[in-house]
Amino acid sequence: MPGENLSRDEAQERAALLSVDGYEVVLDLRSAVGDSDEAVRTFRSETTIRFRRTGDGTSTFVDLIAPSVDAVTLNGRSLDPAVVFDGSRIALDGLADENTLVVDARCAYSRTGEGMHRFVDPEDGEVYLYTQYEPADARRVYANFEQPDLKAPYRFSVTAPEGWTVWSNGAGERYEQDTEGVWRFAETAPISTYITCVVAGPYHYVTDSYTRGDLEIPLGAMCRKSLAKHFDADDVFLITKQGFDFFHDNFDYPYPFGKYDQAFVPEYNLGAMENPGMVTFREEYIYRGKVTQAAYEARANVILHEMAHMWFGDLVTMVWWDDLWLKESFADFMGSFVNAEATRFTNSWVTFANNRKSWAYRADQLPSTHPITADIRDLEDAKLNFDGITYAKGASVLKQLVAYAGRDAFLEGARRYFKRHAYGNTRLADLLSILEETSGRDMRTWAKSWLQTSGVNALTPAVTYDAEGRITELAVVQEGDELRPHRAAVGLYRLSGGELVRYARAEADITGVRTVIADLTGQEKPDLVLVNDDDLTYCKVRFDERSLATLRAHLGDITDPLARALCWSALWNLTRDGLMPARDFVAVALAFAGRETDIGVLQMVHAWTKSAVTLYAAPEWRERGGRLLAEGGLSELRVAEPGSEHQLTWARFFAATASTDADFQLLEGLLDGTAKIDGLDVDQELRWALLSPLAVHGRADEARIGEELALDDTATGKRHQVRLLASRPSAAVKAQAWAQVVESDTLSNALVEATIAGFVQPSQRELIAPYAEKYFAAIERLWAERSIQIGMDVVRGLFPGLQDDEATLTATDAWLSAHESAAPALRRLVLEARDDLARALRAQACDRLAA
C-alpha cells in the first residue's frame, strides 16, 4: 500500500492515461464554528471531476485524504466507498473515453497547516480558515488528481457561517453571495491542484486597484480582525504595484489571473504561497512592534517572490517536482532583482549575498545536497526539496546566468517562455532551448555544470609580485568535485585615508583549476584581493594570507556595503569549514559589527556570532565567549543612536546573550520601568525578547510568564508564552514539553514549533542530555504517525545536536545503521543533522588549537 505517498512513476502513468477537463468543488464550512468535538470536526466536500481517457488502460485512482467517504459515482455508476477508498486513494476502473466522477466526502480540518487549517483566535474567539496545499495537500480538502501536470479549470462553491466572507482564486470577476450564504466563484484558468485556494472567515479586508492601460487588477489584502490595528496595508499595496510595474515592463505578458488578493494568515508553515489571485502569507509579516528596515525588505522580497510565481510556476508549471527549481529558483532570484530595481530596497543584493547565499552554502555541503534539477522519486522527496538548493542556490545560479548570458537575453528568454508555454507544463530542456535562442550561448553545457551537479566551489586568489610590489600574476584557483565555468569579477582594494577602497577590477571567465586574470597584471600591490567581487557567481570565497590579515584588522573600513557583506560571509564560511577559529570570528565581529551600516548584514552577523560560540567554539571557551558577546552587545547598545534600528538590534542581541546577574537585573529593570536606555521603546514584542533569557535562566517562573501573557493575550502572545514555559531550567518542565510534542498530537503546528524552540536551549545541555536516547527511540514511530510537516519539525528540532560529542555521533551512526529501511526522507533528515554535528566537532577542534 502506498499510503499517502505518490511516486513519480505513478504520476507519469496517470498523466499518460488521462487529461482533466475541469473540477467543480462544493464545500460546506458551517461546521467550522460551534461546539463540535475538535478531534472529530469535519466538513462536507463534494467534488465533480470531468476527465478524458487519452491513453491505454481502463483503471486509475483519484487522491483523497479524508476520515470518510459517503458516496462515489463514476459515469452514473455507484462505487462502494468501503471497497474503493483506502484512506488516501479512490480506485477507479471501467473508465470510458469521457468520464464524470462525483465524490462526496467528509474532510477534516487541520491543526498542522496542511489542507484546510482551522484557527481560533484566543483574543476574540473568532474562527479563521485557509488552505495550504504544496506539494500535495489539496487532497485533504477535495478529491483530485494530485500532480502538477494534470492542470484543469476549477469552479468553487462554498457555504460559510453567517457573517463570514470567503475568497478563492476566482479569476476574472468578484465573488458574490446569494441568499443561502453560498459563495460562488468564477471558473479559473487551467491551474495545478496545489495552487488552488480557499480563505474564509471574518477577516479584516482592505481593497485597492492597479491600473495599467486597459488592464485593471482589483487588489485586496486581509488579516485577522485582532491584527487590523497593526496592518500597514498601504505599504503592502505599494510594493505590490511596484512589482506589477516591473513584471509588466519586463515580461510582456499581462498578469493572467484577474484579481490579486493577499491574505496574511495564522499558524502558517511557510513564508507564503503563490496561489494565483489569492496569495497567502504568514501573518508574522504584520509587525506588532518596531522592527528594522530589514524586516520590511524581507516582506517586500516575499511579496515580489510570490508575484513572480504568477508567471514562473502558475502560468507555466513544472511537469513534476524534479524541476521545482523552474519556479522557486526564478522567484527567489526575482524577489531580490525587483526589490533592487523597483522598490526603496535598492541594496537587496547585499541581503541576498549575506543571507540567502548563506542558506545555499550550508545546504550544498550537506550529505543530502543534490543538483538544482533534482531526482524526486516521490512526494516525501518533494517536501524536503523546498530547501536552500532549490531556492537560494538556484537563485544564485540564475544571477550567474544573467552575468553569463546577459540581462537582455535572459529577460527575452523569459518572455518567449511564457508565450510559448502559457498554461502548460515544462521541463529543463524547454527553458534551455529558449535561452539558447536568445543568448547564442551553449546552455546545455552550462546547465550540465550548474544545474545537474551538486556542491559548491571555492575560489582562492594566488598572487605574485615583483621587487617593486606590482602584480606579476594574479590567478584564481578553483576547488571542488565539479569545476564549473564562472563569470566572475576580481577586485583589488587598498587602505587609503583610513578606508579600504577598490582601485582596480577585472571581470573574466574562470574555468578549470587555475585561471590567470591577465587584466590585473602590473597593478600595485593590494591590501585585499576579493574574488567574486560584486557577487556575480556562486562560490565560497577564500583569501590569500595578506588579504586575510587585512580583514582581521580592517573589515569595518571597507566602504562598499556589498563587498563588506561578501567578506563577512566568506569569514563565516571559513569558520564553518574549520579553517578559522570560532573565537577569531567572534573577535572580528566584536571589533567591527558596531560599524556595520547595513542592518540586515548586522542581524546576520549577530546570528553567526551566537552560532560561533554555541556550536563551533571549544566547549571550554564557550562561557568566556558568551560573556564577550554580552559585554560587546551592551556596549554597542549604550552608544547606539537613540531610537534607531541599530539600537533595537543591539538590544535584542544583548538580551539573547545575557548571562550574569548584572545582565538580568538590567533586563528586569527595562521590563518594570526602573531602568531606561535613551530612545529604546520597550514595546510588547521587545518585552517578550527581554523576558526570554530570564525564563531560560530561571529568573522568570510560570506566574511571571503568565503576567506577561495577560498584557498580550493574543495568538502571538500565546506562542511566546508556550516557548518561554518550555525554556525554563527544570527537569519536570522538559519532561512535560517532550511529552506534549513527542507523545501527544494535540498541539497545533505553531505550538509544536514554539515548544521545541523552548525545549532546546544551549545553556541547558546537561538538562536535556537524557532525551538523546529517547529521540532515537521515538523518531521512526513519530514519522509514521504524524503529517510530513510535523514529522520534519520534530525530527529536525529535537535532534540532540547540543550533545556535541563523539558519543552522540556514534549513537546517530548506530541509528542509521539499524534503520537502513526507514523512510528515505526520515533518513535524510537524520543524515543532515549528523553532518551538522560532525561539522561542529571539526570546528571545535580548530578553535581549540587557537587557545
# chains A, B, ... in the order shown; residues from 1 in each chain; ligands from 1
>>> residues_around(residues="Gly578 (chain A)", least_positions_apart="6", cutoff="10 Å", atoms="only C-alpha atoms", output="MDAnalysis selection string")
chainID A and resid 572 616 839:847
>>> residues_around(residues="Leu431 (chain A)", least_positions_apart="5", cutoff="8 Å", atoms="only C-alpha atoms", output="NGL selection string")
:A and (413 or 417 or 426)
>>> residues_around(residues="Ser439 (chain A)", least_positions_apart="3", cutoff="7 Å", atoms="only C-alpha atoms", output="list in words")
Ala405, Ala409, Leu435 and Glu436 of chain A
>>> closest_residue(among="A:Thr346, A:Val206, A:Leu615, A:Ser368", to="Leu831 (chain A)", atoms="only C-alpha atoms")
A:Ser368
>>> select_by_dssp(residues="region 182-285 of chain A", states="strand (DSSP E or B)", output="PyMOL selection string")
chain A and resi 182-184+191+198-201+204-212+215-223+260-265+272-273+278-282
>>> write_last_selection(atoms="N, CA and C atoms", output="short mmCIF file (atom, residue, chain, number, x, y, z; two decimals), in the first residue's frame")
data_model
loop_
_atom_site.label_atom_id
_atom_site.label_comp_id
_atom_site.auth_asym_id
_atom_site.auth_seq_id
_atom_site.Cartn_x
_atom_site.Cartn_y
_atom_site.Cartn_z
N VAL A 182 -24.19 31.02 0.19
CA VAL A 182 -23.26 30.24 -0.63
C VAL A 182 -22.43 31.20 -1.47
N TRP A 183 -21.15 31.03 -1.40
CA TRP A 183 -20.24 31.87 -2.17
C TRP A 183 -19.80 31.10 -3.41
N ARG A 184 -20.04 31.72 -4.58
CA ARG A 184 -19.72 31.07 -5.85
C ARG A 184 -18.62 31.87 -6.55
N ILE A 191 -5.07 25.48 -13.96
CA ILE A 191 -4.01 25.54 -12.96
C ILE A 191 -3.85 24.18 -12.30
N VAL A 198 -8.74 28.35 -0.82
CA VAL A 198 -9.93 28.91 -0.19
C VAL A 198 -9.49 29.59 1.11
N VAL A 199 -9.95 30.80 1.31
CA VAL A 199 -9.74 31.53 2.57
C VAL A 199 -11.12 31.97 3.05
N ALA A 200 -11.43 31.72 4.32
CA ALA A 200 -12.78 32.01 4.81
C ALA A 200 -12.75 32.45 6.26
N GLY A 201 -13.60 33.40 6.60
CA GLY A 201 -13.69 33.84 7.97
C GLY A 201 -14.00 35.32 8.06
N HIS A 204 -10.40 40.97 8.35
CA HIS A 204 -10.33 42.40 8.04
C HIS A 204 -9.79 42.52 6.61
N TYR A 205 -10.53 43.23 5.74
CA TYR A 205 -10.21 43.22 4.31
C TYR A 205 -10.10 44.65 3.80
N VAL A 206 -8.99 44.95 3.12
CA VAL A 206 -8.73 46.28 2.58
C VAL A 206 -8.58 46.14 1.06
N THR A 207 -9.09 47.09 0.31
CA THR A 207 -9.04 47.00 -1.16
C THR A 207 -8.29 48.17 -1.78
N ASP A 208 -7.83 47.94 -2.98
CA ASP A 208 -7.17 48.95 -3.80
C ASP A 208 -7.24 48.42 -5.23
N SER A 209 -6.57 49.08 -6.17
CA SER A 209 -6.55 48.57 -7.54
C SER A 209 -5.27 49.00 -8.22
N TYR A 210 -4.90 48.22 -9.22
CA TYR A 210 -3.72 48.52 -10.04
C TYR A 210 -4.21 48.69 -11.47
N THR A 211 -3.80 49.79 -12.09
CA THR A 211 -4.24 50.08 -13.45
C THR A 211 -3.02 50.30 -14.33
N ARG A 212 -3.07 49.69 -15.49
CA ARG A 212 -2.01 49.87 -16.48
C ARG A 212 -2.65 49.81 -17.86
N LEU A 215 -5.62 47.47 -18.64
CA LEU A 215 -5.61 46.40 -17.64
C LEU A 215 -5.90 46.98 -16.26
N GLU A 216 -6.91 46.44 -15.59
CA GLU A 216 -7.19 46.83 -14.21
C GLU A 216 -7.23 45.57 -13.35
N ILE A 217 -6.43 45.55 -12.29
CA ILE A 217 -6.34 44.41 -11.39
C ILE A 217 -6.89 44.82 -10.03
N PRO A 218 -8.03 44.28 -9.61
CA PRO A 218 -8.51 44.57 -8.25
C PRO A 218 -7.54 43.98 -7.23
N LEU A 219 -7.16 44.78 -6.24
CA LEU A 219 -6.24 44.34 -5.20
C LEU A 219 -6.97 44.23 -3.87
N GLY A 220 -6.62 43.22 -3.09
CA GLY A 220 -7.15 43.08 -1.74
C GLY A 220 -6.06 42.60 -0.80
N ALA A 221 -6.16 42.96 0.46
CA ALA A 221 -5.22 42.48 1.48
C ALA A 221 -6.00 42.25 2.76
N MET A 222 -5.70 41.18 3.48
CA MET A 222 -6.52 40.84 4.64
C MET A 222 -5.69 40.23 5.76
N CYS A 223 -6.26 40.31 6.96
CA CYS A 223 -5.66 39.70 8.14
C CYS A 223 -6.78 39.48 9.16
N TYR A 260 -6.16 40.16 -7.49
CA TYR A 260 -4.94 39.81 -6.77
C TYR A 260 -5.14 40.10 -5.28
N ASP A 261 -5.57 39.07 -4.55
CA ASP A 261 -5.74 39.19 -3.10
C ASP A 261 -4.50 38.63 -2.39
N GLN A 262 -4.21 39.19 -1.22
CA GLN A 262 -3.09 38.73 -0.40
C GLN A 262 -3.57 38.59 1.04
N ALA A 263 -3.54 37.36 1.54
CA ALA A 263 -4.06 37.07 2.88
C ALA A 263 -2.91 36.74 3.82
N PHE A 264 -2.87 37.42 4.96
CA PHE A 264 -1.88 37.16 6.00
C PHE A 264 -2.57 36.32 7.07
N VAL A 265 -2.16 35.06 7.18
CA VAL A 265 -2.94 34.07 7.92
C VAL A 265 -2.15 33.48 9.08
N ALA A 272 5.16 32.06 2.42
CA ALA A 272 3.99 32.45 1.65
C ALA A 272 3.75 31.38 0.60
N MET A 273 2.61 31.50 -0.12
CA MET A 273 2.25 30.54 -1.17
C MET A 273 1.57 31.26 -2.31
N MET A 278 -4.90 34.65 -5.13
CA MET A 278 -5.20 34.52 -3.71
C MET A 278 -3.95 34.05 -2.97
N VAL A 279 -2.97 34.94 -2.89
CA VAL A 279 -1.69 34.61 -2.27
C VAL A 279 -1.84 34.61 -0.76
N THR A 280 -1.26 33.60 -0.11
CA THR A 280 -1.31 33.53 1.35
C THR A 280 0.09 33.72 1.93
N PHE A 281 0.17 34.45 3.06
CA PHE A 281 1.43 34.77 3.73
C PHE A 281 1.31 34.41 5.21
N ARG A 282 2.43 34.16 5.85
CA ARG A 282 2.41 34.02 7.30
C ARG A 282 2.17 35.39 7.91
#
>>> atom_distance(atom1="CA of Thr609 (chain A)", atom2="CA of Leu384 (chain A)")
27.7 Å
>>> closest_atom_pairs(of="region 356-416 of chain A", to="region 586-604 of chain A", cutoff="12 Å", atoms="only C-alpha atoms", output="tab-separated table")
residue	atom	partner	partner_atom	distance
A:Arg356	CA	A:Met604	CA	10.4
A:Lys357	CA	A:Met604	CA	11.7
A:Ser358	CA	A:Met604	CA	9.5
A:Trp359	CA	A:Met604	CA	11.4
>>> closest_residue(among="A:Gly394, A:Gly57, A:Pro485, A:Gly758", to="Ala331 (chain A)", atoms="only C-alpha atoms")
A:Gly394
>>> atom_distance(atom1="CA of Val531 (chain A)", atom2="CA of Glu468 (chain A)")
23.4 Å
>>> closest_residue(among="A:Asp701, A:Asp252, A:Asp80, A:Glu284", to="Val733 (chain A)", atoms="only C-alpha atoms")
A:Asp701
>>> atom_distance(atom1="CA of Leu751 (chain A)", atom2="CA of Arg44 (chain A)")
27.2 Å
>>> residues_around(residues="Phe337 (chain A)", least_positions_apart="4", cutoff="9 Å", atoms="only C-alpha atoms", output="MDAnalysis selection string")
chainID A and resid 332:333 341:342 348:349
>>> write_last_selection(atoms="all heavy atoms", output="compact mmCIF listing (two decimals), in the first residue's frame")
# COMPACT_ATOMS: atom_id res chain seq x y z
N ASP A 332 12.86 33.23 -6.36
CA ASP A 332 13.82 33.71 -5.35
C ASP A 332 14.74 34.77 -5.95
O ASP A 332 15.03 35.79 -5.32
CB ASP A 332 14.63 32.53 -4.81
CG ASP A 332 14.99 32.69 -3.35
OD1 ASP A 332 14.10 33.00 -2.55
OD2 ASP A 332 16.18 32.52 -3.01
N PHE A 333 15.21 34.51 -7.16
CA PHE A 333 16.04 35.49 -7.86
C PHE A 333 15.26 36.78 -8.10
O PHE A 333 15.75 37.89 -7.85
CB PHE A 333 16.53 34.90 -9.17
CG PHE A 333 17.19 35.90 -10.08
CD1 PHE A 333 18.48 36.33 -9.85
CD2 PHE A 333 16.50 36.43 -11.17
CE1 PHE A 333 19.09 37.27 -10.68
CE2 PHE A 333 17.10 37.35 -12.01
CZ PHE A 333 18.40 37.78 -11.77
N GLU A 341 15.52 46.99 -8.13
CA GLU A 341 15.29 47.86 -9.27
C GLU A 341 13.98 48.63 -9.23
O GLU A 341 13.82 49.61 -9.97
CB GLU A 341 15.36 47.04 -10.56
CG GLU A 341 16.70 46.34 -10.73
CD GLU A 341 17.10 46.17 -12.17
OE1 GLU A 341 16.31 46.54 -13.06
OE2 GLU A 341 18.21 45.65 -12.40
N ALA A 342 13.05 48.20 -8.38
CA ALA A 342 11.72 48.82 -8.46
C ALA A 342 11.19 49.34 -7.13
O ALA A 342 10.12 49.96 -7.11
CB ALA A 342 10.72 47.82 -9.05
N SER A 348 19.14 45.35 -1.99
CA SER A 348 18.68 43.98 -1.72
C SER A 348 19.69 42.92 -2.14
O SER A 348 19.68 41.81 -1.60
CB SER A 348 17.34 43.73 -2.41
OG SER A 348 17.46 43.83 -3.81
N TRP A 349 20.58 43.24 -3.09
CA TRP A 349 21.60 42.25 -3.46
C TRP A 349 22.61 42.05 -2.34
O TRP A 349 23.26 41.01 -2.25
CB TRP A 349 22.30 42.64 -4.76
CG TRP A 349 21.47 42.43 -5.98
CD1 TRP A 349 21.10 43.36 -6.91
CD2 TRP A 349 20.87 41.20 -6.42
NE1 TRP A 349 20.33 42.80 -7.90
CE2 TRP A 349 20.17 41.48 -7.63
CE3 TRP A 349 20.85 39.90 -5.92
CZ2 TRP A 349 19.47 40.49 -8.33
CZ3 TRP A 349 20.15 38.92 -6.62
CH2 TRP A 349 19.47 39.22 -7.80
>>> residues_around(residues="Val456 (chain A)", least_positions_apart="6", cutoff="9 Å", atoms="only C-alpha atoms", output="PDB file with all heavy atoms, in the first residue's frame")
ATOM      1  N   TYR A 361      24.878  27.850   0.795  1.00  0.00           N
ATOM      2  CA  TYR A 361      26.189  27.254   1.057  1.00  0.00           C
ATOM      3  C   TYR A 361      26.080  26.123   2.074  1.00  0.00           C
ATOM      4  O   TYR A 361      26.728  25.079   1.940  1.00  0.00           O
ATOM      5  CB  TYR A 361      27.169  28.314   1.563  1.00  0.00           C
ATOM      6  CG  TYR A 361      27.515  29.377   0.548  1.00  0.00           C
ATOM      7  CD1 TYR A 361      27.696  30.710   0.930  1.00  0.00           C
ATOM      8  CD2 TYR A 361      27.668  29.067  -0.806  1.00  0.00           C
ATOM      9  CE1 TYR A 361      28.009  31.695   0.006  1.00  0.00           C
ATOM     10  CE2 TYR A 361      27.986  30.045  -1.737  1.00  0.00           C
ATOM     11  CZ  TYR A 361      28.156  31.360  -1.323  1.00  0.00           C
ATOM     12  OH  TYR A 361      28.471  32.333  -2.240  1.00  0.00           O
ATOM     13  N   ASP A 364      24.342  23.074   0.416  1.00  0.00           N
ATOM     14  CA  ASP A 364      25.120  22.458  -0.648  1.00  0.00           C
ATOM     15  C   ASP A 364      26.312  21.664  -0.122  1.00  0.00           C
ATOM     16  O   ASP A 364      26.998  20.984  -0.892  1.00  0.00           O
ATOM     17  CB  ASP A 364      25.616  23.542  -1.613  1.00  0.00           C
ATOM     18  CG  ASP A 364      25.724  23.043  -3.034  1.00  0.00           C
ATOM     19  OD1 ASP A 364      25.284  21.907  -3.308  1.00  0.00           O
ATOM     20  OD2 ASP A 364      26.256  23.784  -3.886  1.00  0.00           O
ATOM     21  N   GLN A 365      26.555  21.745   1.177  1.00  0.00           N
ATOM     22  CA  GLN A 365      27.644  20.970   1.771  1.00  0.00           C
ATOM     23  C   GLN A 365      27.140  19.840   2.661  1.00  0.00           C
ATOM     24  O   GLN A 365      27.930  19.145   3.300  1.00  0.00           O
ATOM     25  CB  GLN A 365      28.559  21.903   2.566  1.00  0.00           C
ATOM     26  CG  GLN A 365      29.255  22.928   1.675  1.00  0.00           C
ATOM     27  CD  GLN A 365      30.053  23.947   2.468  1.00  0.00           C
ATOM     28  OE1 GLN A 365      31.202  23.723   2.822  1.00  0.00           O
ATOM     29  NE2 GLN A 365      29.425  25.071   2.762  1.00  0.00           N
ATOM     30  N   GLU A 479      38.559  25.031  -6.529  1.00  0.00           N
ATOM     31  CA  GLU A 479      38.496  23.718  -5.898  1.00  0.00           C
ATOM     32  C   GLU A 479      37.058  23.228  -5.906  1.00  0.00           C
ATOM     33  O   GLU A 479      36.117  24.021  -5.889  1.00  0.00           O
ATOM     34  CB  GLU A 479      38.992  23.782  -4.446  1.00  0.00           C
ATOM     35  CG  GLU A 479      40.414  24.244  -4.278  1.00  0.00           C
ATOM     36  CD  GLU A 479      40.735  24.448  -2.803  1.00  0.00           C
ATOM     37  OE1 GLU A 479      40.955  23.444  -2.103  1.00  0.00           O
ATOM     38  OE2 GLU A 479      40.739  25.620  -2.374  1.00  0.00           O
ATOM     39  N   GLY A 480      36.891  21.907  -5.901  1.00  0.00           N
ATOM     40  CA  GLY A 480      35.561  21.309  -5.860  1.00  0.00           C
ATOM     41  C   GLY A 480      35.504  20.064  -6.707  1.00  0.00           C
ATOM     42  O   GLY A 480      36.349  19.841  -7.591  1.00  0.00           O
ATOM     43  N   ASP A 481      34.514  19.227  -6.435  1.00  0.00           N
ATOM     44  CA  ASP A 481      34.375  17.989  -7.204  1.00  0.00           C
ATOM     45  C   ASP A 481      34.034  18.261  -8.658  1.00  0.00           C
ATOM     46  O   ASP A 481      34.428  17.523  -9.555  1.00  0.00           O
ATOM     47  CB  ASP A 481      33.285  17.110  -6.566  1.00  0.00           C
ATOM     48  CG  ASP A 481      33.677  16.626  -5.184  1.00  0.00           C
ATOM     49  OD1 ASP A 481      34.890  16.551  -4.904  1.00  0.00           O
ATOM     50  OD2 ASP A 481      32.767  16.350  -4.374  1.00  0.00           O
ATOM     51  N   GLU A 482      33.286  19.300  -8.916  1.00  0.00           N
ATOM     52  CA  GLU A 482      32.907  19.697 -10.272  1.00  0.00           C
ATOM     53  C   GLU A 482      33.448  21.092 -10.524  1.00  0.00           C
ATOM     54  O   GLU A 482      33.047  22.054  -9.861  1.00  0.00           O
ATOM     55  CB  GLU A 482      31.381  19.689 -10.425  1.00  0.00           C
ATOM     56  CG  GLU A 482      30.867  20.284 -11.715  1.00  0.00           C
ATOM     57  CD  GLU A 482      31.088  19.383 -12.920  1.00  0.00           C
ATOM     58  OE1 GLU A 482      31.269  18.162 -12.712  1.00  0.00           O
ATOM     59  OE2 GLU A 482      31.047  19.887 -14.051  1.00  0.00           O
ATOM     60  N   TYR A 538      28.381  31.963  -7.871  1.00  0.00           N
ATOM     61  CA  TYR A 538      28.056  31.202  -6.661  1.00  0.00           C
ATOM     62  C   TYR A 538      29.288  30.406  -6.274  1.00  0.00           C
ATOM     63  O   TYR A 538      29.679  29.473  -6.979  1.00  0.00           O
ATOM     64  CB  TYR A 538      26.872  30.278  -6.940  1.00  0.00           C
ATOM     65  CG  TYR A 538      26.571  29.257  -5.857  1.00  0.00           C
ATOM     66  CD1 TYR A 538      25.890  29.640  -4.702  1.00  0.00           C
ATOM     67  CD2 TYR A 538      26.967  27.932  -5.994  1.00  0.00           C
ATOM     68  CE1 TYR A 538      25.604  28.718  -3.719  1.00  0.00           C
ATOM     69  CE2 TYR A 538      26.683  27.004  -5.007  1.00  0.00           C
ATOM     70  CZ  TYR A 538      26.000  27.394  -3.875  1.00  0.00           C
ATOM     71  OH  TYR A 538      25.725  26.467  -2.887  1.00  0.00           O
ATOM     72  N   CYS A 539      29.930  30.792  -5.175  1.00  0.00           N
ATOM     73  CA  CYS A 539      31.149  30.109  -4.740  1.00  0.00           C
ATOM     74  C   CYS A 539      31.457  30.505  -3.305  1.00  0.00           C
ATOM     75  O   CYS A 539      30.923  31.482  -2.779  1.00  0.00           O
ATOM     76  CB  CYS A 539      32.338  30.491  -5.636  1.00  0.00           C
ATOM     77  SG  CYS A 539      32.826  32.234  -5.465  1.00  0.00           S
ATOM     78  N   LYS A 540      32.328  29.724  -2.687  1.00  0.00           N
ATOM     79  CA  LYS A 540      32.908  30.146  -1.416  1.00  0.00           C
ATOM     80  C   LYS A 540      34.178  30.928  -1.728  1.00  0.00           C
ATOM     81  O   LYS A 540      35.049  30.461  -2.452  1.00  0.00           O
ATOM     82  CB  LYS A 540      33.227  28.938  -0.534  1.00  0.00           C
ATOM     83  CG  LYS A 540      32.005  28.248   0.007  1.00  0.00           C
ATOM     84  CD  LYS A 540      32.320  27.275   1.142  1.00  0.00           C
ATOM     85  CE  LYS A 540      33.105  26.077   0.665  1.00  0.00           C
ATOM     86  NZ  LYS A 540      33.252  25.069   1.764  1.00  0.00           N
TER      87      LYS A 540
END
>>> closest_residue(among="A:Arg583, A:Lys290, A:Arg14, A:His248", to="Asp681 (chain A)", atoms="only C-alpha atoms")
A:Lys290
